[in-house]
Amino acid sequence: MSTDKGEDMPVKRRKTMEPEVDEGLYSRQVYVLGLAAMKKMSSTRVLIVGMTGLGCEIAKNLILAGVASVTINDTNNLTWNDLSSHFYVSEDDIGKNRATVTLPKLIELNKYVQVNELQGKVTEEQVKNFEVVVFVDQCTSNLTHISQFCHENGIKFIATESRGVAGMAFCDFGKKFEIYDTDGEEVVTCLVSGVTSSNPALITVHDDHRHNLEDGQKVLITDIEGIPELNDKEWEVKVTGPFAFTIEFDATNVNYVRGGYVKPLKLTAIKDYLPLGEALQKPEFMITDFGKMEMSIQLHILFQALHSFIASHGSPPAPYDESQAKEVLEIAKGIAQEKYPDVGELKLDTLLNIARTSAGNLNPMAAFLGGFVAQEVLKASSGKFSPLNQFMYFDAVEVLPTTPPTDSSPRGCRYDGQIAVFGSQFQDLLLKNKNFLVGAGALGCEFLKNFAMMGLGASPEGQVIVTDLDNIEKSNLSRQFLFRPHHIGSAKSEVAASQARTMNPNFNVKFMTDKVAPETEHLFDDAFWEQLDGVTNALDNVQARLYVDSKCVYYRKPLMESGTLGAKANVQVVSPYQTEPYGASRDPPEKQIPICTLKNFPNAIEHTIQWARDAFEGLFKQSADDVNGYLTRSDFLAQLEKEPATRVTTLESIYDALVKNKPTSREDCVRWARFKFEEFFNHQIHQLLYNFPVDTITSSGERFWSGPKRPPTPIVFDPSDPAHIDFIIAASHLRAENYGIKLDGLDIVDVAAHVKVPEFTPKKAIIQTEENENKPAEVDTSDSGKNLDIIGSLPAPSTIQFKMKVIEFEKDDDTNHHIDFITACSNLRARNYKIPEEDRSRTKLIAGKIIPAMVTTTALITGIACFEWYKILQKKPLESLRNAFVNLALPFTAFSEPVPAKKNKYGDTEWTVWDRFEVNLGKDVTLKEFIDYFQEQHKLEINMISCGASILFSFFGAKAKTQERLKKPVSEVAKEITKSEFSPSQRYINMEICCVLDDEDVDVPYVRYAFRH
């Protein structure tokens, strides 16, 4: 990048290669933004003025996201106050220029992004060299001149400030800013189920999902049989229901036959922005919390008052200086009366709290604003998603101490910015905290950075323990910012812990590489969980979340649960005795594709991708597994006899692999692939049409091939068709890999073109046609002749000296042919059924079940989560806690009070999922003493005791055995009945009891019984 800087304003910079979209690096982000947006971003130059902690956060996010260049500028030197949120500086940098000391760390983040430092005060001429400029932690209301300049010169202008527990952002993207995708939602193509012969034509879609259209939205219609005039054209719709709409087309004289797809076109918009000077007087706000909608204008006024105070005093009010804070309020009152007379009364108590902590510098605020503002920069550069209109104010006053601290003065330490808000005593509490972070991926990296800045566990008495069993991959680097290319292959938790420790040398972080699951309870035992003050989930799957949640409920530990999906994110606070646990509410299970749809009647690309994914598993993994089992396990055939549903197909697969189609040359692998092409895309389709010709009429008089059933067409192999050859090449390589054969130098296309394949011969076959026939067909187990014939034809395992290579599906290696095979296989099957085909990238997303992700969303949501940790550690009441949902594409934020724990009752005693009977009688008592204890202490008559799935005692049990058990210690009975041993560290037995109170059955909590002391 070239900048006209003058002799006294040198630019320190590092040159990199030309910008490009490296899909291996950016794959998860590409699934959020798309390649078109990524390419626009890769030519965008960004200037960030103000390298505070917030400025560093924005720069980090943009560099990882992949803009063309990021230039940083700051005329101020680093202070102790900066260190509470600035993660790329240290105590040794105090007094040095903030941008200069930050630059080396930012340069490391992404080799594709040029990172520069612009020294000295920025001039208007220099601003012209950038597409987007961001002013950070400046007094925004004093930036009207530079905002006007940017507005007039087509430069996108953003300003943002972090002031203690309040923050703001402002955007001006000029006149006629084009937005080509307003919401970022995935376009869902609908299958047409009918078109009425009417004017206007009424089109209905299949009821597997709603069309989600809006009046006036345009759609593209394709592949309708009977009304070709509708195809390949855009139509404006008028919605008549969730599965129907009309278009301006006269269909009275035409008849719909079958088929057709409706693809919604993305909503676009053009937005005019006001420059800052005008917007200050006529503000438009994004509401960040609908529970306090009035706060936007209040904060708008307060921030201007703070700017006026800073102009007079040189700094914000000193922490909890009542007189200075009240001076700010007086200025605010004057501004309100002069500029905003319709506001009404100011919320003076709230504004006073914000003013007297405005000198604070909180890492969670920097994380929240840094994610938000960086996303706005990406919108400015790409036109993807709806930008902010035009002000956003956010406050977290609920985190403030109930009683103002008296120890909030600076101590000359790295936590001064946080002490200014909470005081030294609370800081000491943070330092001694013990938190368990489960996951060291994108969320985990951000949490570790936040915890290091907050000082959470940053003392010998405190600790953060992070665990993750995964290793670092290339695709992690665009959003898991603690990792670098030379870390690829290393354990995530180890590298993340080491990197976080460099941000705060006192950060006491320990890494583990173990999964948190039932099989590791010997590692994560009672002693482990009981030492903790809290747990933070940074996981990407529901089952793991549920398990950790169950442990938090059992050990009564607060849990911070968060997750992201592209531009969306959420936080759920789980607080003992206050809120419901994470597991109390579940998302509905993922909708399964019916077997008959998958095998014979696909109508969506998701169906063909799943079919191709299943084919990959069967051909290259399961077949090899079965062969190796036969060759190495002496009991393989005996065990196979116990699986009649799969016995014949397994034996046929082994015979095919070892005898019938075992390759002895490179060419054999290609011939096998060519035969598979014919089987999959020609013969199977011919067979289906043989069973159900296109003109088949059902017993009810309807066309068989109608609605979601689309009549297929066989494909004739063509060596000049790229899709055909893609399948042959990928399948050949994978087959060769199974057998350890190299295909280097082989002309695969030429070999495939000369393979002779058999003509189709119809077979007698039963094909499932009903959607409810998801259960496997019944198997005739009486005829074992075929099994014996195949077994007799197999070579003895002792005569074969090799094992097949089992190919495990790996989505992120672009050289292994896995996604190539699935893409080609899926698209060819889609072509059979006239289903719109998909590119490799989207096929990879669906087949690999990839979760789209962006660093901006991740950074922001961890900031919100850490605000909630402030509250939890202060033991704030339920009404102060907040669950959160965010969608940066709109942008939208919503906060809600967590759902309280559900209350149950027996007699006069109320209890929730957090309660249990703690039974510790000083020794391992007999079962009778245990039962008597509940009768005497709780007036509960126990009629059944269970431990897991085993019943230890029941009133209806055999009398002699029951009497015998009553005399034994509880632990002995438990071991005897459950047939299990207790680990040496185990101290408790968990039991469920069924009880009677006043002659009525009652639900009661479970029992935790201490049998070791």
# chains A, B, ... in the order shown; residues from 1 in each chain; ligands from 1

$ residues_around --residues "Glu530 of chain A" --least-positions-apart "3" --cutoff "12 Å" --atoms "only C-alpha atoms" --output "list in words"
Lys434, Asn435, Phe436, Phe524, Asp525, Asp526, Ala527, Asp533, Gly534, Val535, Lys551, Cys552, Val553, Tyr554, Tyr555, Arg556, Lys557 and Pro558 of chain A

$ residues_around --residues "segment 342-356 of chain A" --least-positions-apart "4" --cutoff "6 Å" --atoms "only C-alpha atoms" --output "PyMOL selection string"
chain A and resi 319-320+325

$ residues_around --residues "Pro719 of chain A" --least-positions-apart "4" --cutoff "7 Å" --atoms "only C-alpha atoms" --output "JSON, numbers by chain"
{"A": [724, 725, 749, 753]}

$ write_last_selection --atoms "N, CA and C atoms" --output "PDB file, in the first residue's frame"
ATOM      1  N   HIS A 724     -19.001 -36.359 -15.126  1.00  0.00           N
ATOM      2  CA  HIS A 724     -18.779 -37.796 -15.273  1.00  0.00           C
ATOM      3  C   HIS A 724     -17.334 -38.146 -14.925  1.00  0.00           C
ATOM      4  N   ILE A 725     -16.419 -37.361 -15.460  1.00  0.00           N
ATOM      5  CA  ILE A 725     -14.995 -37.636 -15.245  1.00  0.00           C
ATOM      6  C   ILE A 725     -14.598 -37.356 -13.801  1.00  0.00           C
ATOM      7  N   VAL A 749      -8.970 -40.907 -17.785  1.00  0.00           N
ATOM      8  CA  VAL A 749     -10.062 -40.620 -18.721  1.00  0.00           C
ATOM      9  C   VAL A 749     -10.020 -41.585 -19.903  1.00  0.00           C
ATOM     10  N   ALA A 753     -12.858 -44.382 -20.850  1.00  0.00           N
ATOM     11  CA  ALA A 753     -13.575 -44.268 -22.125  1.00  0.00           C
ATOM     12  C   ALA A 753     -13.619 -45.599 -22.885  1.00  0.00           C
TER      13      ALA A 753
END

$ atom_distance --atom1 "atom CA of Ser585 of chain A" --atom2 "atom CA of Glu868 of chain A"
20.2 Å

$ residues_around --residues "Thr696 of chain A" --least-positions-apart "5" --cutoff "8 Å" --atoms "only C-alpha atoms" --output "number ranges by chain"
A: 703-705

$ write_last_selection --atoms "C-alpha atoms" --output "short mmCIF file (atom, residue, chain, number, x, y, z; two decimals), in the first residue's frame"
data_model
loop_
_atom_site.label_atom_id
_atom_site.label_comp_id
_atom_site.auth_asym_id
_atom_site.auth_seq_id
_atom_site.Cartn_x
_atom_site.Cartn_y
_atom_site.Cartn_z
CA ARG A 703 -50.04 -40.13 -11.17
CA PHE A 704 -47.40 -42.14 -9.31
CA TRP A 705 -44.73 -39.67 -10.41
#

$ closest_residue --among "A:Ser896, A:Gln684, A:Asn212, A:Asn832" --to "Gln572 of chain A" --atoms "only C-alpha atoms"
A:Ser896

$ residues_around --residues "segment 451-461 of chain A" --least-positions-apart "6" --cutoff "10 Å" --atoms "only C-alpha atoms" --output "PyMOL selection string"
chain A and resi 53+83-87+362-364+414-415+417-419+427-435+445+500-509+866+869-870

$ select_by_dssp --residues "segment 802-868 of chain A" --states "alpha helix (DSSP H)" --output "VMD selection string"
chain A and resid 818 to 832 840 to 847 855 to 868

$ write_last_selection --atoms "C-alpha atoms" --output "PDB file, in the first residue's frame"
ATOM      1  CA  HIS A 818     -13.386 -37.296  -0.463  1.00  0.00           C
ATOM      2  CA  ILE A 819     -15.407 -34.162  -1.177  1.00  0.00           C
ATOM      3  CA  ASP A 820     -14.662 -34.535  -4.893  1.00  0.00           C
ATOM      4  CA  PHE A 821     -16.320 -37.949  -4.887  1.00  0.00           C
ATOM      5  CA  ILE A 822     -19.334 -36.813  -2.873  1.00  0.00           C
ATOM      6  CA  THR A 823     -19.812 -33.694  -5.016  1.00  0.00           C
ATOM      7  CA  ALA A 824     -19.677 -35.609  -8.290  1.00  0.00           C
ATOM      8  CA  CYS A 825     -21.782 -38.468  -6.963  1.00  0.00           C
ATOM      9  CA  SER A 826     -24.417 -36.108  -5.538  1.00  0.00           C
ATOM     10  CA  ASN A 827     -24.632 -33.922  -8.644  1.00  0.00           C
ATOM     11  CA  LEU A 828     -24.947 -36.887 -10.997  1.00  0.00           C
ATOM     12  CA  ARG A 829     -27.790 -38.273  -8.925  1.00  0.00           C
ATOM     13  CA  ALA A 830     -29.330 -34.794  -8.852  1.00  0.00           C
ATOM     14  CA  ARG A 831     -29.028 -34.751 -12.632  1.00  0.00           C
ATOM     15  CA  ASN A 832     -30.900 -38.079 -12.748  1.00  0.00           C
ATOM     16  CA  ARG A 840     -18.148 -28.293  -4.208  1.00  0.00           C
ATOM     17  CA  SER A 841     -18.141 -25.702  -1.430  1.00  0.00           C
ATOM     18  CA  ARG A 842     -21.789 -26.100  -0.516  1.00  0.00           C
ATOM     19  CA  THR A 843     -21.609 -29.861  -0.874  1.00  0.00           C
ATOM     20  CA  LYS A 844     -18.742 -29.828   1.610  1.00  0.00           C
ATOM     21  CA  LEU A 845     -20.829 -27.734   4.014  1.00  0.00           C
ATOM     22  CA  ILE A 846     -23.752 -30.178   3.950  1.00  0.00           C
ATOM     23  CA  ALA A 847     -21.826 -33.451   3.757  1.00  0.00           C
ATOM     24  CA  VAL A 855     -14.550 -14.408  14.419  1.00  0.00           C
ATOM     25  CA  THR A 856     -16.708 -11.283  14.808  1.00  0.00           C
ATOM     26  CA  THR A 857     -19.664 -13.217  16.183  1.00  0.00           C
ATOM     27  CA  THR A 858     -17.447 -15.284  18.450  1.00  0.00           C
ATOM     28  CA  ALA A 859     -15.646 -12.285  19.932  1.00  0.00           C
ATOM     29  CA  LEU A 860     -18.894 -10.435  20.577  1.00  0.00           C
ATOM     30  CA  ILE A 861     -20.730 -13.284  22.277  1.00  0.00           C
ATOM     31  CA  THR A 862     -17.858 -14.090  24.624  1.00  0.00           C
ATOM     32  CA  GLY A 863     -17.916 -10.448  25.703  1.00  0.00           C
ATOM     33  CA  ILE A 864     -21.583 -10.759  26.650  1.00  0.00           C
ATOM     34  CA  ALA A 865     -20.866 -14.033  28.473  1.00  0.00           C
ATOM     35  CA  CYS A 866     -18.105 -12.407  30.516  1.00  0.00           C
ATOM     36  CA  PHE A 867     -20.469  -9.606  31.583  1.00  0.00           C
ATOM     37  CA  GLU A 868     -22.630 -12.377  32.991  1.00  0.00           C
TER      38      GLU A 868
END
